[in-house]
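Below: final-v1.txt (compact mmCIF, C-alpha atoms and all ligand atoms)
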```txt
# COMPACT_ATOMS: atom_id res chain seq x y z
CA MET A 1 52.65 119.76 153.38
CA GLY A 2 53.51 118.01 156.65
CA CYS A 3 56.08 120.67 157.62
CA LYS A 4 57.06 124.22 156.79
CA ASN A 5 60.80 123.77 157.21
CA VAL A 6 63.04 120.73 157.32
CA MET A 7 66.74 121.09 158.10
CA VAL A 8 68.93 118.43 156.51
CA TYR A 9 72.46 117.94 157.80
CA VAL A 10 74.54 117.12 154.73
CA GLU A 11 77.62 115.28 155.93
CA THR A 12 80.73 115.60 153.81
CA ALA A 13 83.72 113.39 153.15
CA GLU A 14 86.79 115.07 151.70
CA GLY A 15 84.68 118.18 151.12
CA LYS A 16 81.95 116.44 149.10
CA PRO A 17 78.45 115.54 150.32
CA VAL A 18 78.01 111.85 151.11
CA ASN A 19 75.16 110.15 149.26
CA VAL A 20 72.74 109.89 152.16
CA GLY A 21 72.94 113.67 152.65
CA LEU A 22 71.71 114.24 149.11
CA GLU A 23 69.19 111.40 149.30
CA MET A 24 67.53 112.99 152.34
CA LEU A 25 66.92 116.17 150.34
CA THR A 26 64.59 114.17 148.07
CA ALA A 27 62.65 112.83 151.07
CA ALA A 28 62.50 116.25 152.72
CA LYS A 29 61.13 117.93 149.61
CA ASP A 30 58.11 115.60 149.63
CA ILE A 31 56.99 116.73 153.07
CA ALA A 32 58.27 120.29 153.51
CA GLU A 33 57.63 123.71 152.05
CA LYS A 34 61.28 124.64 152.54
CA VAL A 35 64.31 122.38 152.73
CA THR A 36 67.48 123.87 154.20
CA ALA A 37 70.76 122.00 153.91
CA VAL A 38 73.30 122.45 156.70
CA VAL A 39 76.92 121.91 155.75
CA ILE A 40 79.68 122.11 158.34
CA GLY A 41 83.41 122.08 157.67
CA ALA A 42 86.29 123.82 155.99
CA ASP A 43 84.98 123.69 152.42
CA ALA A 44 81.28 123.99 153.23
CA ALA A 45 80.42 126.48 150.46
CA SER A 46 81.06 124.12 147.57
CA ALA A 47 79.17 121.25 149.25
CA ALA A 48 76.31 123.68 149.96
CA ALA A 49 76.11 124.56 146.25
CA THR A 50 75.97 120.83 145.46
CA ALA A 51 73.16 120.37 148.00
CA ILE A 52 71.20 123.17 146.32
CA SER A 53 71.65 121.59 142.90
CA TYR A 54 70.26 118.34 144.37
CA GLY A 55 67.11 120.01 145.64
CA ALA A 56 67.76 122.09 148.78
CA ASP A 57 65.95 125.45 148.68
CA ALA A 58 68.60 127.10 150.83
CA ALA A 59 71.77 126.21 152.66
CA ILE A 60 73.53 127.24 155.85
CA THR A 61 77.28 126.83 156.06
CA VAL A 62 79.38 126.81 159.20
CA ASP A 63 83.13 126.91 159.05
CA ALA A 64 84.50 124.37 161.51
CA ALA A 65 87.45 122.10 162.08
CA GLU A 66 87.36 118.39 161.37
CA TYR A 67 84.37 116.35 162.50
CA ASN A 68 83.88 116.17 166.24
CA THR A 69 80.51 114.88 167.45
CA GLU A 70 80.35 117.15 170.47
CA ALA A 71 81.19 120.30 168.47
CA TYR A 72 78.94 119.47 165.51
CA ALA A 73 76.03 118.70 167.86
CA VAL A 74 76.44 122.14 169.45
CA ILE A 75 76.44 123.75 165.99
CA ILE A 76 73.30 121.95 164.78
CA GLU A 77 71.55 122.64 168.08
CA ALA A 78 72.29 126.37 167.70
CA LEU A 79 71.06 126.42 164.09
CA ALA A 80 67.90 124.48 164.96
CA LYS A 81 67.14 126.93 167.78
CA LYS A 82 67.71 129.92 165.50
CA TYR A 83 65.87 128.68 162.39
CA ALA A 84 63.23 126.58 164.19
CA PRO A 85 62.72 123.72 161.70
CA GLU A 86 60.01 121.22 162.60
CA MET A 87 62.32 118.38 161.63
CA VAL A 88 66.07 117.81 161.50
CA PHE A 89 67.31 114.98 159.24
CA VAL A 90 70.70 113.39 159.85
CA GLY A 91 72.07 110.55 157.67
CA GLY A 92 72.55 107.20 159.36
CA THR A 93 76.32 106.99 158.79
CA THR A 94 78.67 105.91 161.57
CA ASN A 95 79.10 109.54 162.65
CA GLY A 96 75.51 110.50 161.84
CA LYS A 97 74.02 107.94 164.23
CA ASP A 98 76.08 109.39 167.05
CA LEU A 99 75.46 113.00 166.03
CA GLY A 100 71.70 112.70 165.45
CA ALA A 101 71.08 111.20 168.87
CA ARG A 102 73.11 113.96 170.56
CA VAL A 103 71.30 116.69 168.63
CA ALA A 104 67.95 115.21 169.68
CA ALA A 105 69.03 115.10 173.32
CA LYS A 106 70.23 118.72 173.21
CA LEU A 107 66.97 119.88 171.60
CA LYS A 108 64.93 117.66 173.95
CA ALA A 109 63.37 116.35 170.76
CA GLY A 110 61.91 112.97 169.91
CA CYS A 111 64.23 110.95 167.69
CA VAL A 112 63.50 108.08 165.30
CA THR A 113 66.51 106.07 164.16
CA ASP A 114 67.07 103.93 161.04
CA VAL A 115 64.27 105.70 159.19
CA ILE A 116 63.43 103.99 155.88
CA GLY A 117 60.16 105.75 155.07
CA ILE A 118 59.01 109.38 155.36
CA LYS A 119 55.52 110.40 154.39
CA GLU A 120 52.78 112.80 155.22
CA ALA A 121 49.43 111.67 156.62
CA ASP A 122 46.69 113.95 157.95
CA GLY A 123 49.11 116.89 157.94
CA LYS A 124 51.65 115.03 160.10
CA VAL A 125 54.98 113.49 159.19
CA VAL A 126 55.07 109.72 159.61
CA LEU A 127 58.49 108.10 160.00
CA THR A 128 58.83 104.39 159.25
CA ALA A 129 61.58 102.32 160.85
CA PRO A 130 62.20 98.55 160.92
CA LEU A 131 62.00 96.57 164.14
CA TYR A 132 63.27 93.07 165.02
CA GLY A 133 65.82 92.99 162.22
CA GLY A 134 63.34 94.16 159.62
CA SER A 135 60.63 91.58 160.40
CA ILE A 136 58.11 94.35 161.07
CA TYR A 137 57.91 98.07 160.39
CA SER A 138 56.75 100.70 162.84
CA ASP A 139 55.23 104.06 161.90
CA ALA A 140 55.95 106.92 164.29
CA VAL A 141 54.60 110.45 164.57
CA VAL A 142 56.78 112.53 166.87
CA ASP A 143 55.12 115.10 169.11
CA GLY A 144 56.77 118.38 170.01
CA SER A 145 57.97 121.44 168.16
CA VAL A 146 60.98 119.67 166.62
CA ALA A 147 61.85 116.06 165.83
CA VAL A 148 65.06 114.37 164.68
CA ALA A 149 65.11 111.59 162.09
CA ILE A 150 68.25 109.53 161.54
CA VAL A 151 67.77 108.27 158.00
CA ARG A 152 69.17 105.06 156.54
CA GLY A 153 71.38 105.48 153.46
CA GLY A 154 70.39 104.06 150.10
CA VAL A 155 66.63 104.15 150.75
CA PHE A 156 65.75 107.41 149.03
CA LYS A 157 67.01 108.25 145.57
CA LYS A 158 69.12 111.32 144.91
CA ALA A 159 67.45 113.79 142.56
CA GLU A 160 69.01 114.55 139.20
CA PRO A 161 71.26 117.56 139.88
CA GLU A 162 70.05 120.82 138.36
CA GLU A 163 73.08 122.70 137.05
CA GLY A 164 73.17 126.38 138.03
CA LYS A 165 70.21 126.14 140.41
CA GLN A 166 70.21 129.16 142.75
CA GLY A 167 69.45 129.11 146.44
CA GLU A 168 70.21 131.35 149.36
CA VAL A 169 73.42 130.36 151.17
CA THR A 170 73.91 131.83 154.64
CA ALA A 171 77.26 131.59 156.39
CA GLU A 172 76.79 131.27 160.14
CA THR A 173 79.31 131.31 162.94
CA VAL A 174 78.66 129.21 166.01
CA GLU A 175 80.85 129.49 169.08
CA VAL A 176 81.73 126.12 170.49
CA ALA A 177 82.84 126.24 174.11
CA GLU A 178 85.71 124.16 175.45
CA LEU A 179 85.15 120.57 174.32
CA LYS A 180 85.20 117.75 176.84
CA ALA A 181 86.90 115.49 174.31
CA LYS A 182 89.43 116.51 171.70
CA ILE A 183 90.61 114.39 168.80
CA VAL A 184 94.38 114.43 169.04
CA ASN A 185 95.11 111.98 166.28
CA ALA A 186 93.05 110.20 163.63
CA VAL A 187 94.43 106.86 162.48
CA GLN A 188 93.11 105.30 159.33
CA GLU A 189 92.41 101.60 159.72
CA ILE A 190 94.45 99.57 157.29
CA SER A 191 91.78 97.40 155.78
CA GLU A 192 90.40 96.54 152.44
CA SER A 193 88.38 99.47 151.21
CA VAL A 194 85.01 98.26 149.93
CA ASN A 195 82.48 100.84 148.88
CA LEU A 196 79.40 98.62 148.89
CA GLU A 197 77.05 101.40 149.97
CA GLU A 198 77.71 103.47 146.85
CA ALA A 199 78.10 100.56 144.38
CA GLU A 200 75.77 100.47 141.37
CA ILE A 201 76.33 96.76 140.73
CA ILE A 202 76.82 94.12 143.42
CA VAL A 203 77.41 90.43 142.80
CA ALA A 204 76.88 88.62 146.09
CA GLY A 205 77.51 85.04 147.07
CA GLY A 206 76.21 82.94 149.92
CA ARG A 207 76.89 79.56 151.49
CA GLY A 208 75.46 77.93 148.37
CA MET A 209 78.65 78.82 146.51
CA GLY A 210 80.13 75.88 148.43
CA SER A 211 83.83 76.78 148.60
CA ALA A 212 86.38 79.57 148.45
CA GLU A 213 87.32 78.37 144.98
CA ASN A 214 83.75 78.63 143.70
CA PHE A 215 83.39 82.02 145.38
CA GLU A 216 86.08 83.29 142.98
CA LEU A 217 83.33 83.17 140.30
CA VAL A 218 81.39 85.80 142.28
CA LYS A 219 84.49 87.99 142.33
CA GLU A 220 85.17 87.42 138.62
CA LEU A 221 81.65 88.40 137.56
CA ALA A 222 81.71 91.46 139.83
CA ASP A 223 85.02 92.53 138.26
CA LEU A 224 83.76 92.02 134.73
CA LEU A 225 80.63 94.07 135.40
CA GLY A 226 82.59 96.83 137.13
CA GLY A 227 80.77 96.01 140.34
CA VAL A 228 81.58 95.16 143.94
CA VAL A 229 81.48 91.79 145.73
CA GLY A 230 78.83 91.27 148.40
CA ALA A 231 78.41 88.28 150.71
CA THR A 232 76.21 86.71 153.32
CA ARG A 233 77.46 86.20 156.84
CA PRO A 234 78.19 82.47 156.37
CA ALA A 235 80.28 83.19 153.26
CA MET A 236 82.25 85.70 155.30
CA GLU A 237 82.52 83.37 158.31
CA ASP A 238 83.87 80.60 156.08
CA GLY A 239 86.67 82.99 155.12
CA TRP A 240 85.79 83.22 151.43
CA VAL A 241 85.68 87.00 151.62
CA SER A 242 86.44 89.66 154.24
CA ARG A 243 83.88 91.12 156.65
CA ALA A 244 83.90 94.39 154.71
CA HIS A 245 81.79 92.64 152.03
CA GLN A 246 78.99 91.43 154.30
CA VAL A 247 75.54 92.71 153.43
CA GLY A 248 72.70 92.68 155.92
CA GLN A 249 71.56 93.47 159.40
CA SER A 250 75.03 93.16 160.91
CA GLY A 251 76.77 94.12 157.66
CA LYS A 252 76.17 96.90 155.19
CA ILE A 253 72.92 98.33 153.87
CA VAL A 254 73.14 98.61 150.09
CA ALA A 255 70.98 99.96 147.28
CA PRO A 256 72.63 99.22 143.90
CA LYS A 257 70.91 99.33 140.54
CA LEU A 258 71.64 95.60 140.11
CA TYR A 259 72.08 92.96 142.86
CA ILE A 260 72.94 89.43 141.78
CA ALA A 261 72.45 86.96 144.66
CA ALA A 262 74.09 83.59 144.07
CA GLY A 263 73.50 80.69 146.46
CA ILE A 264 71.76 82.92 149.00
CA SER A 265 68.66 81.64 150.81
CA GLY A 266 67.09 85.04 151.51
CA ALA A 267 67.16 85.15 155.32
CA ILE A 268 65.61 88.36 156.66
CA GLN A 269 68.94 89.40 158.18
CA HIS A 270 70.46 89.42 154.68
CA VAL A 271 67.44 90.71 152.78
CA SER A 272 67.03 93.69 155.12
CA GLY A 273 70.40 94.91 153.83
CA MET A 274 69.72 94.59 150.09
CA ILE A 275 65.96 95.06 149.70
CA GLY A 276 66.55 98.64 148.50
CA SER A 277 68.25 97.35 145.32
CA ASP A 278 66.55 98.45 142.10
CA TYR A 279 66.79 95.08 140.34
CA ILE A 280 67.49 91.75 141.99
CA VAL A 281 68.59 88.60 140.17
CA ALA A 282 68.60 85.49 142.37
CA ILE A 283 70.15 82.12 141.60
CA ASN A 284 69.24 79.25 143.89
CA LYS A 285 68.82 75.51 143.36
CA ASP A 286 65.82 75.46 145.70
CA GLU A 287 62.75 76.87 143.96
CA ASP A 288 61.16 77.59 147.35
CA ALA A 289 64.08 79.72 148.59
CA SER A 290 62.74 82.96 150.05
CA ILE A 291 65.23 85.06 148.06
CA PHE A 292 62.87 84.52 145.11
CA ASP A 293 60.16 86.47 147.00
CA VAL A 294 62.20 89.66 146.60
CA ALA A 295 63.82 88.90 143.22
CA ASN A 296 62.85 90.52 139.92
CA VAL A 297 64.37 87.58 138.06
CA GLY A 298 64.81 84.14 139.59
CA ILE A 299 67.03 81.41 138.17
CA VAL A 300 66.38 77.98 139.67
CA GLY A 301 69.57 76.01 139.25
CA ASN A 302 73.18 75.57 140.19
CA ALA A 303 74.75 78.96 140.96
CA ILE A 304 78.21 77.77 139.94
CA ASP A 305 77.02 76.80 136.46
CA ALA A 306 74.90 79.96 136.14
CA LEU A 307 77.79 82.26 137.10
CA LYS A 308 80.13 80.50 134.64
CA ILE A 309 77.60 81.09 131.84
CA MET A 310 77.11 84.74 132.87
CA ILE A 311 80.89 85.28 132.91
CA GLU A 312 81.25 83.79 129.43
CA GLU A 313 78.37 85.89 128.08
CA VAL A 314 79.72 89.13 129.55
CA LYS A 315 83.17 88.33 128.11
CA LYS A 316 81.62 87.78 124.67
CA MET A 317 79.68 91.05 124.90
CA LYS A 318 82.85 92.89 125.88
CA ALA A 319 84.79 91.31 123.01
CA ASP A 320 82.09 92.48 120.56
CA GLU A 321 82.17 96.08 121.81
C1 LIG A 401 71.61 88.81 164.80
C2 LIG A 401 71.91 88.23 163.44
C3 LIG A 401 72.47 89.05 162.50
C4 LIG A 401 72.74 88.53 161.22
N1 LIG A 401 73.27 89.38 160.29
C5 LIG A 401 73.45 88.91 159.04
C6 LIG A 401 73.92 89.78 158.01
O1 LIG A 401 74.23 90.95 158.23
N2 LIG A 401 74.05 89.27 156.77
C7 LIG A 401 73.75 87.97 156.45
O2 LIG A 401 73.88 87.58 155.29
N3 LIG A 401 73.32 87.13 157.42
C8 LIG A 401 73.17 87.56 158.69
N4 LIG A 401 72.74 86.71 159.65
C9 LIG A 401 72.63 85.28 159.29
C10 LIG A 401 71.31 84.96 158.61
O3 LIG A 401 70.35 84.64 159.58
C11 LIG A 401 71.44 83.75 157.66
O4 LIG A 401 71.96 82.66 158.39
C12 LIG A 401 72.34 84.00 156.47
O5 LIG A 401 71.97 85.17 155.78
C13 LIG A 401 72.24 82.83 155.50
O6 LIG A 401 73.25 82.95 154.56
P1 LIG A 401 73.20 82.12 153.20
O7 LIG A 401 71.99 82.51 152.43
O8 LIG A 401 74.53 82.29 152.56
O9 LIG A 401 73.17 80.61 153.69
P2 LIG A 401 71.98 79.56 153.77
O10 LIG A 401 70.80 80.09 154.49
O11 LIG A 401 72.59 78.29 154.25
O12 LIG A 401 71.52 79.39 152.25
C14 LIG A 401 72.31 78.83 151.25
C15 LIG A 401 71.41 78.76 150.02
O13 LIG A 401 72.17 78.30 148.92
C16 LIG A 401 71.38 77.43 148.16
N5 LIG A 401 72.31 76.57 147.44
C17 LIG A 401 73.11 75.57 147.92
N6 LIG A 401 73.88 75.09 146.94
C18 LIG A 401 73.58 75.78 145.83
C19 LIG A 401 74.04 75.75 144.49
N7 LIG A 401 75.02 74.91 144.10
N8 LIG A 401 73.48 76.59 143.60
C20 LIG A 401 72.48 77.45 143.95
N9 LIG A 401 72.02 77.54 145.20
C21 LIG A 401 72.57 76.72 146.13
C22 LIG A 401 70.50 76.71 149.14
O14 LIG A 401 69.32 76.23 148.50
C23 LIG A 401 70.23 77.80 150.15
O15 LIG A 401 69.05 78.50 149.82
C24 LIG A 401 72.47 87.19 160.92
C25 LIG A 401 71.90 86.38 161.90
C26 LIG A 401 71.64 86.88 163.14
C27 LIG A 401 71.02 85.98 164.17
```

Will you turn the file into structure tokens for me?
Ligand SMILES: Cc1cc2nc3c(=O)[nH]c(=O)nc-3n(C[C@H](O)[C@H](O)[C@H](O)COP(=O)(O)OP(=O)(O)OC[C@H]3O[C@@H](n4cnc5c(N)ncnc54)[C@H](O)[C@@H]3O)c2cc1C
Amino acid sequence: MGCKNVMVYVETAEGKPVNVGLEMLTAAKDIAEKVTAVVIGADAASAAATAISYGADAAITVDAAEYNTEAYAVIIEALAKKYAPEMVFVGGTTNGKDLGARVAAKLKAGCVTDVIGIKEADGKVVLTAPLYGGSIYSDAVVDGSVAVAIVRGGVFKKAEPEEGKQGEVTAETVEVAELKAKIVNAVQEISESVNLEEAEIIVAGGRGMGSAENFELVKELADLLGGVVGATRPAMEDGWVSRAHQVGQSGKIVAPKLYIAAGISGAIQHVSGMIGSDYIVAINKDEDASIFDVANVGIVGNAIDALKIMIEEVKKMKADE
């Protein structure tokens, strides 16, 4: 094993672990003798039990108020100093990116961000991260007694939960001194809520869809399949769909079971966001389009015609059910 003990910070939303928190447990188990989940918040005990069912050997809970980067960094720093893990994993969510970097600074630890690969080689843990928008990958081995990895969501697969799995849960108390910044009010942005990161089916359209009207076919197929609409940057820039649907380097990183890419060329900035999909179906009229390099099934032809046929077929299947 590359490590004796890995500490995984399992972020929660509304009291439940977010996917990347549970995904990291899978990665940690491959390299560590003991995986300890850290859950912070008001209802940490139930999320800790979930983390154990998804593979953590043990869990540490800390009762704390709502998320505050400064406070949570102090808590994780204290736990890392007390339990001395060789690695601390933090999920690459909006808060996690901020938190992980602060924890690393407090621990004076090396930190690798946007980690998409974790393996053991010659008794050391090797962390893989993309560079230059995913054009190349770098492998890093971090020196020192502790290292922090900020792990990209959707890359590792959650384990099947094991009902009733037992693991030691330790409740810790960490004193957090006066904070420099206090959150006085949290305002929820009024925007379309699109949960692309957790979607199992995504139907995505690119510039090749040609118009807002044609893009409706992407939306119709996504609806019929119970999936979510994805888009390339040009499709978003043309106003066919809101920014919340953009997949890629400057959009969202997704990992559905099925990704249907219609009229998408396969630029690296798009592919880097969807390459983690289990099964990719690409439709493009250009047989040399680079999207076919990453597709499991490629359809060379007009995406508008292909989507219309798919919609009809799905409707027929549903009518027969
Ligand atoms: C810093 C940076 C960040 C970026 N971030 C992102 C990002 O997050 N996400 C993203 O998507 N892009 C991003 N881009 C843009 C990216 O480089 C590409 O320009 C973009 O992904 C291309 O989108 P597209 O495939 O829709 O369009 P195009 O590259 O124009 O491809 C359209 C495709 O449709 C095909 N086509 C045309 N008509 C039809 C038809 N009727 N039927 C079937 N196929 C058809 C064509 O053959 C072509 O392959 C970024 C770029 C930069 C520089």

>> At a cut-off of 9 Å and counting all atoms listed in the file, what residues surround ligand LIG 401 (chain A)? Please answer as a ChimeraX atom specification.
In response: /A:133,205-210,231-236,246-253,261-273,283-291,299-306

> Contacts of A:Cys3 at 8 Å or less, counting only C-alpha atoms, minus same-chain residues fewer than 6 places along, as a list in words?
Replying inline: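 Near A:Cys3, the qualifying residues are Ile31, Ala32, Glu33, Glu86, Met87, Gly123, Lys124 and Val125 of chain A.
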
> What does the distance between atom CA of A:Ala177 and atom CA of A:Ala71 come to in Å, to one decimal place?
Replying inline: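 If I compute the distance from atom CA of A:Ala177 to atom CA of A:Ala71, I get 8.4 Å.
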
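Distances from A:Glu312, A:Asp139, A:Asp30, A:Asp43 to A:Val115 were compared using only C-alpha atoms, and the smallest one belongs to A:Asp139.
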
> Could you name the residues that touch A:Gly117 at 12 Å or less, counting all atoms listed in the file, but leaving out those on the same chain fewer than 4 positions away, as a PyMOL selection string?
Replying inline: chain A and resi 24+26-28+30-31+112-113+125-130+137-141+149-157+276

Take the residues from that selection and put them in a file with C-alpha atoms, as a PDB file, in the frame of the given file.
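Once everything was written out, this is out-v9.pdb:
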```pdb
ATOM      1  CA  MET A  24      67.530 112.990 152.340  1.00  0.00           C
ATOM      2  CA  THR A  26      64.590 114.170 148.070  1.00  0.00           C
ATOM      3  CA  ALA A  27      62.650 112.830 151.070  1.00  0.00           C
ATOM      4  CA  ALA A  28      62.500 116.250 152.720  1.00  0.00           C
ATOM      5  CA  ASP A  30      58.110 115.600 149.630  1.00  0.00           C
ATOM      6  CA  ILE A  31      56.990 116.730 153.070  1.00  0.00           C
ATOM      7  CA  VAL A 112      63.500 108.080 165.300  1.00  0.00           C
ATOM      8  CA  THR A 113      66.510 106.070 164.160  1.00  0.00           C
ATOM      9  CA  VAL A 125      54.980 113.490 159.190  1.00  0.00           C
ATOM     10  CA  VAL A 126      55.070 109.720 159.610  1.00  0.00           C
ATOM     11  CA  LEU A 127      58.490 108.100 160.000  1.00  0.00           C
ATOM     12  CA  THR A 128      58.830 104.390 159.250  1.00  0.00           C
ATOM     13  CA  ALA A 129      61.580 102.320 160.850  1.00  0.00           C
ATOM     14  CA  PRO A 130      62.200  98.550 160.920  1.00  0.00           C
ATOM     15  CA  TYR A 137      57.910  98.070 160.390  1.00  0.00           C
ATOM     16  CA  SER A 138      56.750 100.700 162.840  1.00  0.00           C
ATOM     17  CA  ASP A 139      55.230 104.060 161.900  1.00  0.00           C
ATOM     18  CA  ALA A 140      55.950 106.920 164.290  1.00  0.00           C
ATOM     19  CA  VAL A 141      54.600 110.450 164.570  1.00  0.00           C
ATOM     20  CA  ALA A 149      65.110 111.590 162.090  1.00  0.00           C
ATOM     21  CA  ILE A 150      68.250 109.530 161.540  1.00  0.00           C
ATOM     22  CA  VAL A 151      67.770 108.270 158.000  1.00  0.00           C
ATOM     23  CA  ARG A 152      69.170 105.060 156.540  1.00  0.00           C
ATOM     24  CA  GLY A 153      71.380 105.480 153.460  1.00  0.00           C
ATOM     25  CA  GLY A 154      70.390 104.060 150.100  1.00  0.00           C
ATOM     26  CA  VAL A 155      66.630 104.150 150.750  1.00  0.00           C
ATOM     27  CA  PHE A 156      65.750 107.410 149.030  1.00  0.00           C
ATOM     28  CA  LYS A 157      67.010 108.250 145.570  1.00  0.00           C
ATOM     29  CA  GLY A 276      66.550  98.640 148.500  1.00  0.00           C
TER      30      GLY A 276
END
```

>> With only C-alpha atoms as the counted atoms, please give the residues lying no more than 8 Å from A:Glu200, apart from itself and same-chain residues fewer than 5 positions off, as a list in words.
In response: Gly227, Ala255, Pro256, Lys257 and Leu258 of chain A
